[in-house]
>>> print(open('start22.cif').read())   # mmCIF, C-alpha atoms
data_model
loop_
_atom_site.label_atom_id
_atom_site.label_comp_id
_atom_site.auth_asym_id
_atom_site.auth_seq_id
_atom_site.Cartn_x
_atom_site.Cartn_y
_atom_site.Cartn_z
CA MET A 29 -65.62 20.14 -1.56
CA SER A 30 -65.14 23.93 -1.71
CA ASP A 31 -64.47 23.63 1.99
CA SER A 32 -61.53 21.30 1.46
CA LYS A 33 -60.16 23.57 -1.24
CA LEU A 34 -60.11 26.40 1.27
CA ASN A 35 -58.40 24.08 3.70
CA THR A 36 -55.70 23.31 1.18
CA LEU A 37 -54.93 26.99 0.77
CA THR A 38 -54.92 27.72 4.50
CA LEU A 39 -52.90 24.58 5.16
CA ALA A 40 -50.28 25.54 2.60
CA ALA A 41 -50.03 29.06 3.99
CA ALA A 42 -49.75 27.83 7.57
CA VAL A 43 -47.08 25.28 6.66
CA ALA A 44 -45.11 27.85 4.71
CA GLY A 45 -45.30 30.22 7.68
CA ALA A 46 -44.28 27.54 10.14
CA VAL A 47 -41.32 26.48 7.99
CA SER A 48 -39.98 30.00 7.62
CA MET A 49 -40.32 30.63 11.35
CA ALA A 50 -38.82 27.24 12.23
CA ALA A 51 -35.79 28.03 10.09
CA MET A 52 -35.11 31.01 12.36
CA THR A 53 -35.52 29.08 15.60
CA ILE A 54 -33.31 26.11 14.73
CA PRO A 55 -30.07 27.47 16.24
CA SER A 56 -31.74 27.71 19.65
CA THR A 57 -32.65 24.02 19.67
CA ALA A 58 -29.08 23.12 18.84
CA SER A 59 -27.77 25.11 21.79
CA ALA A 60 -30.12 23.27 24.16
CA ALA A 61 -28.11 20.11 23.54
CA GLY A 62 -25.52 21.01 26.17
CA LYS A 63 -28.01 21.20 29.02
CA GLU A 64 -27.98 18.99 32.07
CA LYS A 65 -29.98 15.80 32.18
CA CYS A 66 -33.30 15.88 33.95
CA TYR A 67 -33.66 14.92 37.56
CA GLY A 68 -34.33 11.30 38.27
CA VAL A 69 -34.10 10.12 34.73
CA SER A 70 -30.33 9.83 34.45
CA LYS A 71 -30.26 7.77 37.61
CA ALA A 72 -32.51 5.21 35.99
CA GLY A 73 -29.64 4.28 33.70
CA GLU A 74 -28.25 2.11 36.46
CA ASN A 75 -27.91 -1.41 35.31
CA GLY A 76 -27.21 -4.87 36.63
CA CYS A 77 -27.30 -5.75 40.29
CA ALA A 78 -24.72 -3.30 41.62
CA ASN A 79 -26.54 -1.33 44.26
CA ILE A 80 -25.78 0.42 47.51
CA SER A 81 -28.16 -1.77 49.45
CA GLY A 82 -26.22 -4.82 48.32
CA THR A 83 -23.41 -3.87 50.66
CA HIS A 84 -25.40 -3.82 53.87
CA SER A 85 -27.88 -6.61 53.69
CA CYS A 86 -29.11 -6.63 57.26
CA ALA A 87 -30.08 -2.96 57.29
CA GLY A 88 -31.91 -3.82 54.09
CA GLN A 89 -34.16 -6.32 55.76
CA SER A 90 -35.82 -3.81 58.04
CA THR A 91 -37.03 -1.74 55.08
CA VAL A 92 -38.80 -4.77 53.70
CA ALA A 93 -40.44 -5.63 56.99
CA PHE A 94 -43.65 -3.65 56.36
CA ASP A 95 -46.32 -6.02 55.22
CA ASN A 96 -49.35 -4.80 53.33
CA GLY A 97 -51.59 -7.04 55.37
CA GLU A 98 -50.71 -5.84 58.83
CA TRP A 99 -50.09 -2.16 58.14
CA LYS A 100 -52.72 0.17 56.75
CA LEU A 101 -51.06 2.26 54.07
CA VAL A 102 -51.49 6.00 54.14
CA ALA A 103 -49.83 8.34 51.67
CA GLU A 104 -47.85 10.87 53.66
CA GLY A 105 -45.35 12.65 51.46
CA SER A 106 -47.46 14.88 49.27
CA CYS A 107 -46.98 18.59 49.04
CA VAL A 108 -49.92 18.50 46.64
CA LYS A 109 -53.15 17.55 48.29
CA MET A 110 -56.60 17.23 46.86
CA GLY A 111 -59.17 19.03 48.95
CA GLY A 112 -57.18 18.41 52.09
CA SER A 113 -58.34 14.80 52.20
CA LEU A 114 -54.86 13.65 53.08
CA GLU A 115 -54.22 16.26 55.74
CA GLY A 116 -55.89 14.40 58.59
CA SER A 117 -54.30 11.07 57.86
CA GLU A 118 -50.72 12.13 58.39
CA GLY A 119 -50.97 11.90 62.16
CA VAL A 120 -52.48 8.46 62.00
CA ASN A 121 -49.67 7.42 59.77
CA GLU A 122 -47.00 8.61 62.17
CA GLU A 123 -48.64 6.55 64.86
CA ALA A 124 -48.82 3.48 62.70
CA ALA A 125 -45.21 3.94 61.73
CA MET A 126 -44.17 4.19 65.39
CA LYS A 127 -46.01 1.02 66.26
CA ALA A 128 -44.55 -0.81 63.32
CA SER A 129 -40.94 0.12 64.05
CA MET B 9 -31.40 -29.80 37.10
CA LEU B 10 -29.63 -26.48 36.72
CA HIS B 11 -32.84 -24.94 35.49
CA GLU B 12 -34.67 -26.18 38.57
CA LEU B 13 -31.91 -24.94 40.85
CA GLN B 14 -32.08 -21.52 39.24
CA ARG B 15 -35.85 -21.44 39.51
CA ASN B 16 -35.65 -22.35 43.18
CA PHE B 17 -33.11 -19.63 43.77
CA ALA B 18 -35.39 -17.14 42.03
CA SER B 19 -38.12 -18.17 44.49
CA VAL B 20 -35.74 -17.40 47.33
CA ALA B 21 -34.70 -14.06 45.88
CA LEU B 22 -38.20 -12.86 45.04
CA LYS B 23 -40.49 -14.65 47.50
CA ASN B 24 -38.19 -15.87 50.29
CA VAL B 25 -39.37 -19.43 49.65
CA THR B 26 -36.35 -21.33 50.92
CA ALA B 27 -37.51 -24.94 51.43
CA PRO B 28 -36.69 -26.36 47.96
CA LEU B 29 -33.17 -24.98 48.10
CA LEU B 30 -32.28 -26.04 51.65
CA PRO B 31 -30.95 -29.53 50.73
CA HIS B 32 -28.33 -27.85 48.55
CA ILE B 33 -27.06 -25.54 51.27
CA GLU B 34 -24.38 -26.48 53.79
CA GLY B 35 -24.34 -25.40 57.40
CA PRO B 36 -26.39 -25.86 60.55
CA ALA B 37 -30.17 -25.97 60.23
CA GLY B 38 -31.80 -22.64 60.99
CA SER B 39 -28.89 -20.57 59.78
CA LYS B 40 -29.59 -21.69 56.21
CA GLU B 41 -32.92 -19.89 56.05
CA ARG B 42 -31.44 -16.77 57.59
CA ARG B 43 -28.54 -16.75 55.14
CA LEU B 44 -30.81 -17.29 52.18
CA GLY B 45 -33.01 -14.49 53.51
CA VAL B 46 -30.18 -12.06 52.88
CA TYR B 47 -30.53 -12.71 49.14
CA HIS B 48 -34.23 -12.00 49.37
CA ALA B 49 -33.75 -8.73 51.24
CA ASN B 50 -31.05 -7.58 48.85
CA THR B 51 -33.08 -8.42 45.78
CA ILE B 52 -36.22 -6.67 46.97
CA ASN B 53 -34.33 -3.63 48.22
CA SER B 54 -32.38 -3.30 44.99
CA LEU B 55 -35.63 -3.39 43.03
CA ILE B 56 -37.28 -0.87 45.37
CA ASP B 57 -34.28 1.42 44.78
CA VAL B 58 -34.62 0.99 41.03
CA LEU B 59 -38.29 1.94 41.19
CA SER B 60 -37.62 4.86 43.48
CA ASP B 61 -35.01 6.18 41.04
CA ALA B 62 -37.41 5.77 38.15
CA TYR B 63 -40.38 7.35 39.93
CA PRO B 64 -39.08 10.26 42.04
CA VAL B 65 -42.29 12.31 41.82
CA THR B 66 -44.55 9.36 42.60
CA GLN B 67 -42.39 8.69 45.64
CA ARG B 68 -42.38 12.30 46.70
CA ILE B 69 -46.17 12.49 46.52
CA VAL B 70 -46.82 9.50 48.76
CA GLY B 71 -43.68 9.55 50.87
CA GLU B 72 -40.79 7.12 51.11
CA ARG B 73 -42.45 4.65 53.45
CA PHE B 74 -45.65 4.32 51.44
CA PHE B 75 -43.62 4.10 48.26
CA SER B 76 -41.38 1.30 49.44
CA THR B 77 -44.41 -0.71 50.52
CA LEU B 78 -46.27 -0.17 47.27
CA ALA B 79 -43.05 -1.00 45.41
CA LYS B 80 -42.82 -4.25 47.31
CA SER B 81 -46.37 -5.17 46.32
CA PHE B 82 -45.57 -4.26 42.73
CA ILE B 83 -42.44 -6.42 42.74
CA GLU B 84 -44.49 -9.37 43.97
CA THR B 85 -47.03 -8.86 41.17
CA ALA B 86 -44.58 -7.97 38.40
CA PRO B 87 -41.07 -9.31 39.07
CA PRO B 88 -38.35 -8.46 36.52
CA ARG B 89 -38.65 -10.41 33.26
CA GLN B 90 -35.55 -9.04 31.60
CA PRO B 91 -31.90 -9.13 32.69
CA THR B 92 -31.70 -5.31 32.60
CA LEU B 93 -32.95 -3.10 35.38
CA PHE B 94 -33.23 0.16 33.47
CA ARG B 95 -36.42 -1.04 31.79
CA TYR B 96 -37.88 -2.48 34.96
CA GLY B 97 -41.07 -0.93 36.31
CA SER B 98 -42.84 0.15 33.13
CA SER B 99 -46.23 -1.09 34.37
CA LEU B 100 -46.18 0.67 37.74
CA GLY B 101 -48.78 3.19 36.54
CA ASP B 102 -51.25 0.44 35.62
CA PHE B 103 -50.52 -1.31 38.89
CA LEU B 104 -51.26 1.86 40.86
CA GLY B 105 -54.58 2.26 39.07
CA ASP B 106 -55.73 -0.93 40.80
CA PHE B 107 -53.79 -0.54 44.04
CA ALA B 108 -56.45 0.05 46.70
CA PRO B 109 -54.29 1.91 49.27
CA ALA B 110 -53.32 4.48 46.61
CA GLN B 111 -56.89 5.44 45.70
CA ASP B 112 -56.69 8.43 48.09
CA VAL B 113 -54.37 9.93 45.50
CA PRO B 114 -56.36 9.29 42.32
CA TYR B 115 -53.85 11.06 40.07
CA LEU B 116 -50.95 8.92 41.25
CA ALA B 117 -51.26 6.29 38.50
CA ASP B 118 -51.13 8.94 35.78
CA ILE B 119 -48.15 10.64 37.42
CA ALA B 120 -46.37 7.29 37.31
CA ARG B 121 -47.30 6.90 33.63
CA LEU B 122 -45.89 10.37 32.95
CA GLU B 123 -42.68 9.47 34.75
CA TRP B 124 -42.36 6.26 32.75
CA ALA B 125 -42.92 8.21 29.53
CA ARG B 126 -39.89 10.29 30.55
CA ILE B 127 -37.80 7.14 30.96
CA ALA B 128 -39.02 5.74 27.65
CA ALA B 129 -38.17 9.05 25.97
CA TYR B 130 -34.75 9.07 27.59
CA PHE B 131 -33.90 5.59 26.34
CA ALA B 132 -35.53 5.93 22.92
CA GLU B 133 -33.14 5.54 20.01
CA ASP B 134 -31.37 8.63 18.72
CA TYR B 135 -32.81 10.26 15.63
CA GLU B 136 -32.28 13.13 13.26
CA PRO B 137 -35.09 15.71 13.48
CA LEU B 138 -36.88 16.66 10.28
CA ASN B 139 -35.30 19.46 8.32
CA PRO B 140 -38.21 21.94 7.92
CA GLN B 141 -37.03 22.79 4.41
CA LYS B 142 -38.26 19.38 3.26
CA LEU B 143 -41.79 20.70 3.71
CA SER B 144 -41.02 23.58 1.37
CA ALA B 145 -40.33 21.08 -1.39
CA ILE B 146 -43.97 19.89 -1.32
CA GLY B 147 -46.36 21.69 -3.63
CA PRO B 148 -49.29 23.53 -1.96
CA GLU B 149 -51.83 21.16 -3.55
CA LYS B 150 -50.09 18.17 -1.98
CA ILE B 151 -49.37 19.58 1.46
CA GLY B 152 -52.57 18.19 2.98
CA ASP B 153 -51.52 14.67 1.96
CA VAL B 154 -48.20 14.76 3.77
CA CYS B 155 -47.66 12.22 6.57
CA PHE B 156 -45.03 12.55 9.26
CA LYS B 157 -42.87 9.91 10.81
CA ILE B 158 -42.84 10.70 14.53
CA ALA B 159 -39.67 10.84 16.64
CA PRO B 160 -39.12 7.60 18.61
CA SER B 161 -38.81 9.64 21.80
CA LEU B 162 -42.28 11.22 21.51
CA HIS B 163 -44.79 9.93 24.04
CA LEU B 164 -48.31 11.27 24.43
CA VAL B 165 -49.78 11.37 27.92
CA GLU B 166 -53.27 12.36 29.01
CA SER B 167 -55.09 12.37 32.31
CA PRO B 168 -58.35 13.57 33.88
CA TYR B 169 -56.04 15.31 36.41
CA PRO B 170 -53.53 18.16 36.01
CA ILE B 171 -50.54 15.82 36.03
CA PHE B 172 -48.10 18.20 34.37
CA GLN B 173 -48.74 20.79 37.08
CA VAL B 174 -48.51 18.21 39.85
CA TRP B 175 -45.24 16.94 38.35
CA ALA B 176 -43.83 20.47 38.16
CA VAL B 177 -44.60 21.43 41.76
CA ASN B 178 -43.02 18.18 42.95
CA GLN B 179 -39.63 19.00 41.53
CA PRO B 180 -36.91 19.53 44.14
CA SER B 181 -36.39 23.02 42.73
CA CYS B 182 -40.00 23.99 43.42
CA ASN B 183 -40.42 25.72 46.77
CA THR B 184 -43.85 27.25 46.46
CA VAL B 185 -46.97 25.19 45.98
CA PRO B 186 -49.49 27.10 43.90
CA ALA B 187 -53.16 26.23 44.21
CA ILE B 188 -53.91 23.48 41.74
CA ASP B 189 -57.40 22.93 40.40
CA PHE B 190 -57.74 19.17 40.39
CA THR B 191 -60.79 19.28 38.14
CA ASN B 192 -58.51 20.32 35.25
CA ALA B 193 -57.70 17.50 32.88
CA GLU B 194 -54.30 17.79 31.22
CA GLN B 195 -52.81 16.23 28.12
CA GLY B 196 -49.41 16.66 26.61
CA PHE B 197 -46.26 14.99 25.45
CA VAL B 198 -42.80 13.96 26.55
CA SER B 199 -39.85 13.93 24.18
CA ARG B 200 -36.09 14.29 24.06
CA GLN B 201 -33.55 16.27 22.11
CA ALA B 202 -29.91 15.32 22.51
CA ASN B 203 -29.85 14.16 26.15
CA GLU B 204 -32.54 16.46 27.41
CA VAL B 205 -35.96 15.04 28.20
CA PHE B 206 -38.70 17.66 28.14
CA GLN B 207 -42.45 17.71 28.47
CA HIS B 208 -45.25 20.12 27.69
CA ALA B 209 -48.94 20.20 28.46
CA VAL B 210 -50.80 21.11 25.26
CA THR B 211 -54.32 22.12 24.26
CA PRO B 212 -56.82 19.37 23.39
CA GLY B 213 -56.55 20.46 19.74
CA THR B 214 -52.79 20.01 19.63
CA PHE B 215 -53.07 16.71 21.47
CA HIS B 216 -55.52 15.32 18.91
CA TRP B 217 -53.36 16.66 16.10
CA LEU B 218 -50.29 14.88 17.49
CA ARG B 219 -52.18 11.68 18.12
CA ALA B 220 -53.66 11.66 14.63
CA LEU B 221 -50.23 12.26 13.08
CA SER B 222 -48.75 9.51 15.29
CA ASP B 223 -51.45 7.18 14.02
CA GLY B 224 -50.42 7.92 10.45
CA SER B 225 -53.07 10.48 9.49
CA THR B 226 -52.25 13.00 6.79
CA LEU B 227 -51.56 16.59 7.80
CA GLY B 228 -54.94 17.56 6.35
CA ALA B 229 -56.88 14.91 8.26
CA ALA B 230 -54.99 15.55 11.50
CA THR B 231 -55.62 19.29 11.25
CA ASN B 232 -59.33 18.74 10.64
CA ASP B 233 -59.39 16.42 13.65
CA ALA B 234 -57.65 19.04 15.79
CA MET B 235 -60.10 21.76 14.71
CA ARG B 236 -63.05 19.56 15.58
CA HIS B 237 -61.76 19.45 19.17
CA ASP B 238 -60.50 23.02 19.31
CA GLN B 239 -61.86 25.77 17.08
CA ASN B 240 -58.87 27.94 17.87
CA PHE B 241 -56.31 25.35 16.84
CA ASP B 242 -53.37 27.27 15.38
CA LEU B 243 -51.67 25.07 12.80
CA GLN B 244 -48.90 27.49 11.94
CA ASN B 245 -47.70 27.97 15.51
CA THR B 246 -48.20 24.35 16.51
CA LEU B 247 -46.28 23.08 13.50
CA ARG B 248 -43.52 25.63 14.05
CA GLN B 249 -43.22 24.54 17.69
CA HIS B 250 -43.01 20.87 16.81
CA LEU B 251 -40.51 21.44 14.04
CA ALA B 252 -38.36 23.18 16.66
CA ASP B 253 -38.98 20.44 19.24
CA GLY B 254 -37.87 17.77 16.79
CA THR B 255 -41.21 15.95 16.95
CA PHE B 256 -40.86 14.63 13.37
CA THR B 257 -38.13 12.70 11.64
CA THR B 258 -39.27 12.42 8.02
CA ILE B 259 -42.23 13.18 5.78
CA TYR B 260 -43.78 10.98 3.14
CA ILE B 261 -46.79 11.05 0.86
#
>>> encode(input="start22.cif", output="structure tokens")
Amino acid sequence: MSDSKLNTLTLAAAVAGAVSMAAMTIPSTASAAGKEKCYGVSKAGENGCANISGTHSCAGQSTVAFDNGEWKLVAEGSCVKMGGSLEGSEGVNEEAAMKAS
Amino acid sequence: MLHELQRNFASVALKNVTAPLLPHIEGPAGSKERRLGVYHANTINSLIDVLSDAYPVTQRIVGERFFSTLAKSFIETAPPRQPTLFRYGSSLGDFLGDFAPAQDVPYLADIARLEWARIAAYFAEDYEPLNPQKLSAIGPEKIGDVCFKIAPSLHLVESPYPIFQVWAVNQPSCNTVPAIDFTNAEQGFVSRQANEVFQHAVTPGTFHWLRALSDGSTLGAATNDAMRHDQNFDLQNTLRQHLADGTFTTIYI
């Protein structure tokens, strides 16, 4: 129990310290409010069915044409690779993409 | 009747199953299927676009072609259940965890979960951050018993992979790719102040502290929990940081 008493004292001191420091930093959080929205997230606010692809339906169909069954999927876009395991597969993927299109 | 018609049209839009609807369509045979197919293509492509907007980093990691194909599989498994698109796609991370072609990129599912946490934070209800002075009103003997109500925008994310680093280097503004040690697990949080979504990787101690407080633990219990996981856990600095980040809304005992 003496341990928890010590904790109470340290806790109180830490909280008091944090509060006094937080009071000084508050104006900086308020000024952050004017910043731009983050990439990608604001776009997700789109609602309903209005969409660019809705205006050219036939072009749309070709994007859908890849079927999981007939085309072996290989991730190709990464600029972050684990142990180079994806390096070799990019060429294969190009080939598969050519055949498929 | 109307219900059945609507259900049949949904089958066209999502699965391109046209047969049940054909008797209701005018025009020469053969052209009916093709015309209905337009609705299918538009529906699927709209949903792929929605997912690609919601998951820019996931898409960037695997490439556009891979992404649109995995999105199509996801749409087949988990079609929209709500009439709003901005909440569509929340389970993509779980889907990717089981998606065999994505297993070459084992961190992909957690990246998607991180990206969804950003969306959830963005659309979380507005709130007033805790005024730190309210803590001053608590006597020192009671401070360990204080509980915090957590901001609705706060989302905790953890992964056996360095997902915060991977996310950062896949931002359009990032031109250099530093060496990333993929054996590093990372944990952290996503939140929002005003309209700005932000995220930080944190130490295991801070992560356990936040999780305990989110689960309703007292400040004393949460701090003990944090120190069990991290001897160097710094309560004063962590609390100061989270008061500034608006992690809490109210306190209660």
>>> resolve_selection(input="start22.cif", expression="the PyMOL selection byres ((chain B) within 6 of (chain A))", output="mmCIF file with C-alpha atoms, in the frame of the given file")
data_model
loop_
_atom_site.group_PDB
_atom_site.id
_atom_site.type_symbol
_atom_site.label_atom_id
_atom_site.label_comp_id
_atom_site.auth_asym_id
_atom_site.auth_seq_id
_atom_site.Cartn_x
_atom_site.Cartn_y
_atom_site.Cartn_z
ATOM 1 C CA VAL B 46 -30.180 -12.060 52.880
ATOM 2 C CA ALA B 49 -33.750 -8.730 51.240
ATOM 3 C CA ASN B 50 -31.050 -7.580 48.850
ATOM 4 C CA ASP B 61 -35.010 6.180 41.040
ATOM 5 C CA ALA B 62 -37.410 5.770 38.150
ATOM 6 C CA ARG B 68 -42.380 12.300 46.700
ATOM 7 C CA ILE B 69 -46.170 12.490 46.520
ATOM 8 C CA VAL B 70 -46.820 9.500 48.760
ATOM 9 C CA GLY B 71 -43.680 9.550 50.870
ATOM 10 C CA PHE B 74 -45.650 4.320 51.440
ATOM 11 C CA LEU B 93 -32.950 -3.100 35.380
ATOM 12 C CA PHE B 94 -33.230 0.160 33.470
ATOM 13 C CA PRO B 109 -54.290 1.910 49.270
ATOM 14 C CA PRO B 140 -38.210 21.940 7.920
ATOM 15 C CA PRO B 148 -49.290 23.530 -1.960
ATOM 16 C CA ALA B 202 -29.910 15.320 22.510
ATOM 17 C CA GLU B 204 -32.540 16.460 27.410
ATOM 18 C CA GLN B 244 -48.900 27.490 11.940
ATOM 19 C CA LEU B 247 -46.280 23.080 13.500
ATOM 20 C CA ARG B 248 -43.520 25.630 14.050
#
>>> atom_distance(input="start22.cif", atom1="atom CA of Glu166 of chain B", atom2="atom CA of Gly196 of chain B")
6.3 Å
>>> residues_around(input="start22.cif", residues="Gly105 of chain B", least_positions_apart="3", cutoff="9 Å", atoms="all atoms listed in the file", output="PyMOL selection string")
chain B and resi 100-102+108+110-111+114-118
>>> closest_residue(input="start22.cif", among="B:Glu41, B:Glu194, B:Asp153, B:Asp106", to="Thr231 of chain B", atoms="all atoms listed in the file")
B:Asp153
>>> atom_distance(input="start22.cif", atom1="atom CA of Ala145 of chain B", atom2="atom CA of Val198 of chain B")
28.9 Å
>>> residues_around(input="start22.cif", residues="Asn24 of chain B", least_positions_apart="4", cutoff="9 Å", atoms="all atoms listed in the file", output="list of chain:residue names")
B:Ala18, B:Ser19, B:Val20, B:Glu41, B:Leu44, B:Gly45, B:Tyr47, B:His48, B:Ala49
>>> axis_aligned_box(input="start22.cif", around="segment 142-147 of chain B", padding_each_side="8 Å", output="JSON")
{"center_x": -42.3, "center_y": 21.5, "center_z": 0.0, "size_x": 24.1, "size_y": 20.2, "size_z": 23.3}
>>> atom_distance(input="start22.cif", atom1="atom CA of Asn245 of chain B", atom2="atom CA of Ala132 of chain B")
26.2 Å
>>> resolve_selection(input="start22.cif", expression="the PyMOL selection byres ((chain B and resi 158) around 12)", output="count of residues only")
32
